[in-house]
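The structure appears below as structure tokens.
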Amino acid sequence: QDKVTIGVSVPAADHGWTGGVNYFAQQAIDRLGATYPDVEFVFASAPDAPKQIGDIEDMVATRGIDALVILPGDPDAMTSAIKQVKDAGKFVTVVDRQLSIDGVEDLYVAGDNPGLGANSAEYFKQVMPEGGNIVILRGLPIPIDQQRFDGFMGGIEGTNITVLDDEFANWNRDDGFKVMQDFLTRFPDIKGVWAQDDDIALGAIEAIKQAGREDEMFIVGGAGMQQMLQRVQAGDKLVPIDVSYSPAMIATAIELTTSHFTGGIQVAGRYILDSTVITAENVEEFLDAESPF
Amino acid sequence: MVDAQETSVAPILSAHRVSKSFGEIPVLFSIDFDVRPGEVHAIIGENGAGKSTLIKILSGIEQPTSGSIAFDGQTVELPPDGKAEAMGIVLIHQELNLAEHLTVADSIFLGRELKRFGFLDTGEMRRRARAVMETLHVSVDPDARINTLSVADKQMVEIAKAISRDARVLIMDEPTAVLSVSETQTLFEQIKRLTARGVAVVFISHKLDEIMELANRVTVLRDGQLIATVGTQALTPDSIAQMMVGRELSNLYPPKHEPNVDAPVVLRVRNLDAATVKNISFDLRKGEILGFAGLIGSGRTAVAEAVVGLAQKSAGEVTLNGEPVNFTRVAQSVDAGVAYMTKDRKGKGLLLNMGLRPNLTLLTLKNHLRAGFLDTSSEDRALERAVRRFDIRARDASVAVGRLSGGNQQKLMLGKTMESDPDIIIMDEPTRGIDVGTKQQIYHIIAALAAEGKAVIVISSELQEVIGLSHRVVVMRTGRIAGVLEGAEITEEEIMRYAAGIKQSGHDERISA
Amino acid sequence: MSVSAPDIAAKPARGFRPDLKTIGPLVALALLILLGITLNENFLSYNNITNVLARSSFIGIIAIGATFVITSGGLDLSVGSMAAVIAGVMIMVMNWLIPSFGIGWSVILAGMAAGILIGGAAGIGNGLMITRGRIEAFIVTLGTMGIFRSLVTFLADGGTLSLNFQVADVYRPVYYDGLLGIPYPILVFALVAIGGEIVMRRTSFGRHCAAIGSNEQVARYSSINVDNVRLITYILQGILVGVAVLLYVPRLGSASSTTGVLWELEAIAAVIIGGTTLKGGYGRVWGTVVGVVILGLIGNILNLQSFISPYLNGAFQGVIIILAVLLQRGGRRD
Amino acid sequence: MSVSAPDIAAKPARGFRPDLKTIGPLVALALLILLGITLNENFLSYNNITNVLARSSFIGIIAIGATFVITSGGLDLSVGSMAAVIAGVMIMVMNWLIPSFGIGWSVILAGMAAGILIGGAAGIGNGLMITRGRIEAFIVTLGTMGIFRSLVTFLADGGTLSLNFQVADVYRPVYYDGLLGIPYPILVFALVAIGGEIVMRRTSFGRHCAAIGSNEQVARYSSINVDNVRLITYILQGILVGVAVLLYVPRLGSASSTTGVLWELEAIAAVIIGGTTLKGGYGRVWGTVVGVVILGLIGNILNLQSFISPYLNGAFQGVIIILAVLLQRGGRRD
Ligand SMILES: Nc1ncnc2c1ncn2[C@@H]1O[C@H](COP(=O)(O)OP(=O)(O)OP(=O)(O)O)[C@@H](O)[C@H]1O
Ligand SMILES: Nc1ncnc2c1ncn2[C@@H]1O[C@H](COP(=O)(O)OP(=O)(O)OP(=O)(O)O)[C@@H](O)[C@H]1O
Ligand SMILES: [Mg+2]
Ligand SMILES: [Mg+2]
């Protein structure tokens, strides 16, 4: 069997979740590289779409890749560039984010962003049957955020749950802290906080603790960060659940792509990883002492 | 002035066979120089002769390429960057050397601030700054920022800074270039006070009468060579000039040919008001040289700047060849044939980091366009012409203008102004820092321009210059015209009377004494 | 023939302009506060004011360092990344010392010492490259900005470095508690500001910074050791970044590659809003403090209302920043 | 010592120092190319070279505009956000015109015109606030940076604006095709660079920019309309951002709030690596081109190897940037 080169391109580790993506990608590469000496991996991470396109162009032009595993930072912007890789006859795996035209990728491995919003909404409905006031801390104004937000708003439609305000906290702990502080100043009555991301949630938790209002409300993050899961496990009232959206999906995608070349199995199609609600009951499955995320 | 007793005193600072080259270019050749406590030792020489370079070596700013410096009889290597001040060697740089953002008091004490308990003693610094400014008869607020001061006030701040230090050797590079007679006199009083206390003074000036008045000995440099060091009593201004330029220097000022009193008025200013001047009216005729005299800060620059559109007019009218004009930008006045040459060559005249060529043509770039693009060979030709006409001496055309000797910068600025081929030329201190030889050339150029039918305004603080050149003289005082002198009235005494407010046009009697 | 010139009118050194320039930022601040009051009755509450001031204190302390750097004609783009590295290393040092020192203040003090040291060292690095290497400050600190940012990402393995929970609990009060009802971060910020103001106005170092920024040559000829003063401004900046991080770490107990992103821009903006000249030569620390508070209040006010779409937060910020400076430059023409 | 008059002008205008300063960036470029060759045999391949140059062209074109702004003593931090707004509006205009114009070049040309117009208008806005409002360029463009960024987020409703696919297919060749084997972006970049170099060196405008950056007062006294020249540099910058976006849209076909983030820093870095002085007074366009290519190659070279952890990319970049400038400043002391 010939040597195979697989390119892996991900966004730069500029917040918690993408940090996790970088970590799990490199882990998978190290592991699979050791297992399959004939498979060579080329790994790159880029801070923005033009750079990421540049990365995959370089992989094709100078590294002679046979397959590309890509988590596109900005899928709309990258669709045509990824299509070019496909047109050059490479095997393409797209992770997490849907390209703007269908049929480009051979393999699609993704989480479920609208599902993350909807599942979270489901929980809010469950614990707040009477309704009540909540606030929302959003990520950055990009499509993923919009999908989660729409999923959530759709989920609580028709209930008595009132969204007092939503603000961007940029998927960042510091901003989560600031925005939550100001929400607490502004609203004397908050029953729930939907932060849709664990980094934001961790910042918000500190603000809530500072205000001494941890008994008034609960907070739901997202992505399954270990620090949050430990709280869920410990039965922290403030953090009753989390919703999974694991950055480890990149590892799954790399493994599947590798096995396409090494295992003689034709791998293709769509693998959607559910955004599972993580509760004290099922948290064990998600805990991983090794993970830095 | 000089006496035998002084020559017996040992020199405090001396240079032995000092040579200096910048890169490949030698600038000073084996110079011997010394200065004794209590004497004023003047250095004179043409522009670019190496005077500033020599005193920079004497104060540690530059290191000699070869040769040695002795201080108090000991051969020393002077510390760089003005640190020699700690030894008592204080330098006033040729070009203003003040930080524009600082206040007067900050500047005077920069680098040796007064402290109390480790913190700045601003009150004391302000008090002492005011005191030293007072000894110089300058009324400048110690809290004023340097960038709000006039050039002359800045120079006085520099002088105050220098004399307020505990100098044993005070070196002054053309301190009087921007000063008028009265400020110069104040400065000389202070110098005499210092020499009486045993301070050694090295003094550079292109004004030979000042040298005659102040100096005990004179050292003449020419092209980097030491020509002679002689006692002043053995000299006359003419003999100094001859040593300097190496040839007989007759008639510094060209003969004045009588202006045509019927010549048309090319520039008429009526009741002009601007920021610091009020009710200015005067006429300028074709072929005339009109002098503007007055104390520093009397508003001569302000008038010129308001006329050419550099400063805002608040009232009054200006007519050019009978047509009313209202310049709001310099480009308009240049197009109309009126050019103004600033006295502040460092701040407003030249781009110090650029070469000769872009500086020369900056005002008149559009004369060097071919098909819309700059024609550098045309610029080169212009430079060649200017270099010849104004005798500009530089190592090569690419050298940053800031590295030229002061006088050569001035000549370049003159060239730049003349490039616009103006009909009316307003020159603000045109010979600031220029050597006698070149001065003579410039005076002849000015006279020739007038003879050609151009009209020239010469703003000058050098009375001799105004008198020697002008057909008529406007004297200004505190922002107003104090009087206009003509013909035989144009004398030093008469100008000073008007300038000091002892006399005013309209009443001939003394108002006060 | 010496005529004294006493009656050359003493030109008034100050006109209306410097005044406007001085009070400009204060006016902007007052207007913002008015806006805040009309938007929300809790705006002036003890909690809100202390919240805003405490969370502005990191940028504030950093910006005071930046005031010196900028006054002396320099620039430091690396402060945000530097903060991230310092936070990361502090956390690693503390976690690593726990086995030997145990949980307690000794670990925290060691971590604090490490933070200040690293800040100082980073400042020395920047300063030496700029003064001895004679490379433009913009380039050096753009370079170190990338280097520091990479370093923290590398140390955190792309993720987050978290302080041991028990230590974090001991350390927490440094951010959240205070003296006489004033949170420590605000106290430290105030102390640094007062100290900075004194250093800027009442020591030769401050004077020399302004002189160098105004005209390096003049400063050099005045026997000021230009390189050393410059170097010290960068070291001071580094140390103050360290101080800011000492207050930052107890807040969230973590550091990641997102820590301190864009702090440099915010710090520089605060300095300039406060009236310091970007090209150097004139700086004032109290102005910087006002600038920091203005920036802090803008964010706060945005969170206290629902009229402006959150998409337009940046636009609101931009407009206020321009207006704040416009106010102080009002009608100036120079 | 002093040369006699006539042959001053004729003398060659260069000494030793300007030489090092001149070839500095070229040496850095040559070293990078050598490194690239040793790392990968495909480095010099036609594909790789055209890839790198084509994708550097956006920043390149913007940086050429920035060269003028910086040479005349200004700064424009808003270019990245401006690019995002222009891209967004271009896409909206094109999508909106499809019903009336149909799919085809007419829509694209209309979009291009809109892009250039908006760029120019944004430049006018920046320029007027700076020259007429007399607000520091740093503050104005920091403000408009926030405003533009918000605007594109608002227009895209927090998401992405995508160009209609059929139009995108027609437009695509503008990025991906070329003439005689040279991709259009490279051609446009080259044309803008040559034009920029000529304007900088051979027109009064270029000379005036340098004069203003060197000493504004001297420029004013030399009858240069300082405000207008400044204004024009910002308009030129805006238009060139527009041109860059004309090439960017066919490549990405979309715009969002993340488009063009940090381009301003990259553009300024390229300008300064190229030898232009940040404080103004001296600028060279070809140097900027070299700076852009250096920055482009750094990214490319990082992709040619697998030794350096991608976490450390930023550190590598930082080190190269500092070294590139160190090379040209080598041993200089002024
Ligand atoms: N830093 C420098 N680099 C290169 N050449 C220099 C430098 N400084 C001075 N020169 C050259 O040295 C020569 C002597 O200059 P210097 O300033 O000493 O003349 P000067 O006698 O003071 O003239 P002036 O009367 O015009 O002030 C000039 O040709 C000048 O161009
Ligand atoms: N206090 C002031 N306010 C406004 N403008 C001033 C002030 N002082 C000086 N200026 C302007 O600065 C310029 C130069 O001033 P400077 O004092 O050098 O010249 P001047 O007052 O005209 O005196 P001189 O007679 O010596 O030329 C002039 O345009 C003047 O109007
Ligand atoms: Mg001289
Ligand atoms: Mg809101």
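By convention in this document, the chains of the structure tokens carry letters A, B, ... by their order, each chain's residues are numbered from 1, and ligands are numbered from 1 in the order they are shown.
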Would you mind listing the residues within 7 Å of ligand 4, counting only C-alpha atoms and all ligand atoms, as a count of residues only?
12
Write out as a VMD selection string the set of residues from stretch 105-198 of chain D that DSSP, computed on the backbone, places in strand (DSSP E or B).
chain D and resid 160 to 162 178 to 179 182 to 183
Please give the complete set of residues from stretch 42-262 of chain C that DSSP, run on the backbone, assigns to alpha helix (DSSP H), formatted as a ChimeraX atom specification.
/C:46-71,79-101,105-131,137-155,165-171,173-176,184-202,204-214,216-221,226-252
Taking only C-alpha atoms and all ligand atoms into account, which residues have an atom no farther than 7 Å from ligand 2? I'd like them as a PyMOL selection string.
(chain B and resi 148-152+275-276+294-303+305+311) or (chain C and resi 11-12)
Could you list the protein, DNA and RNA residues that have any atom within 10 Å of ligand 3, counting only C-alpha atoms and all ligand atoms, and write them as an MDAnalysis selection string?
chainID B and resid 44:56 93:95 173:174 204:206 404:408 433:434
Neighbours of chain D in chain A at 10 Å, counting only C-alpha atoms, as a count of residues only
47
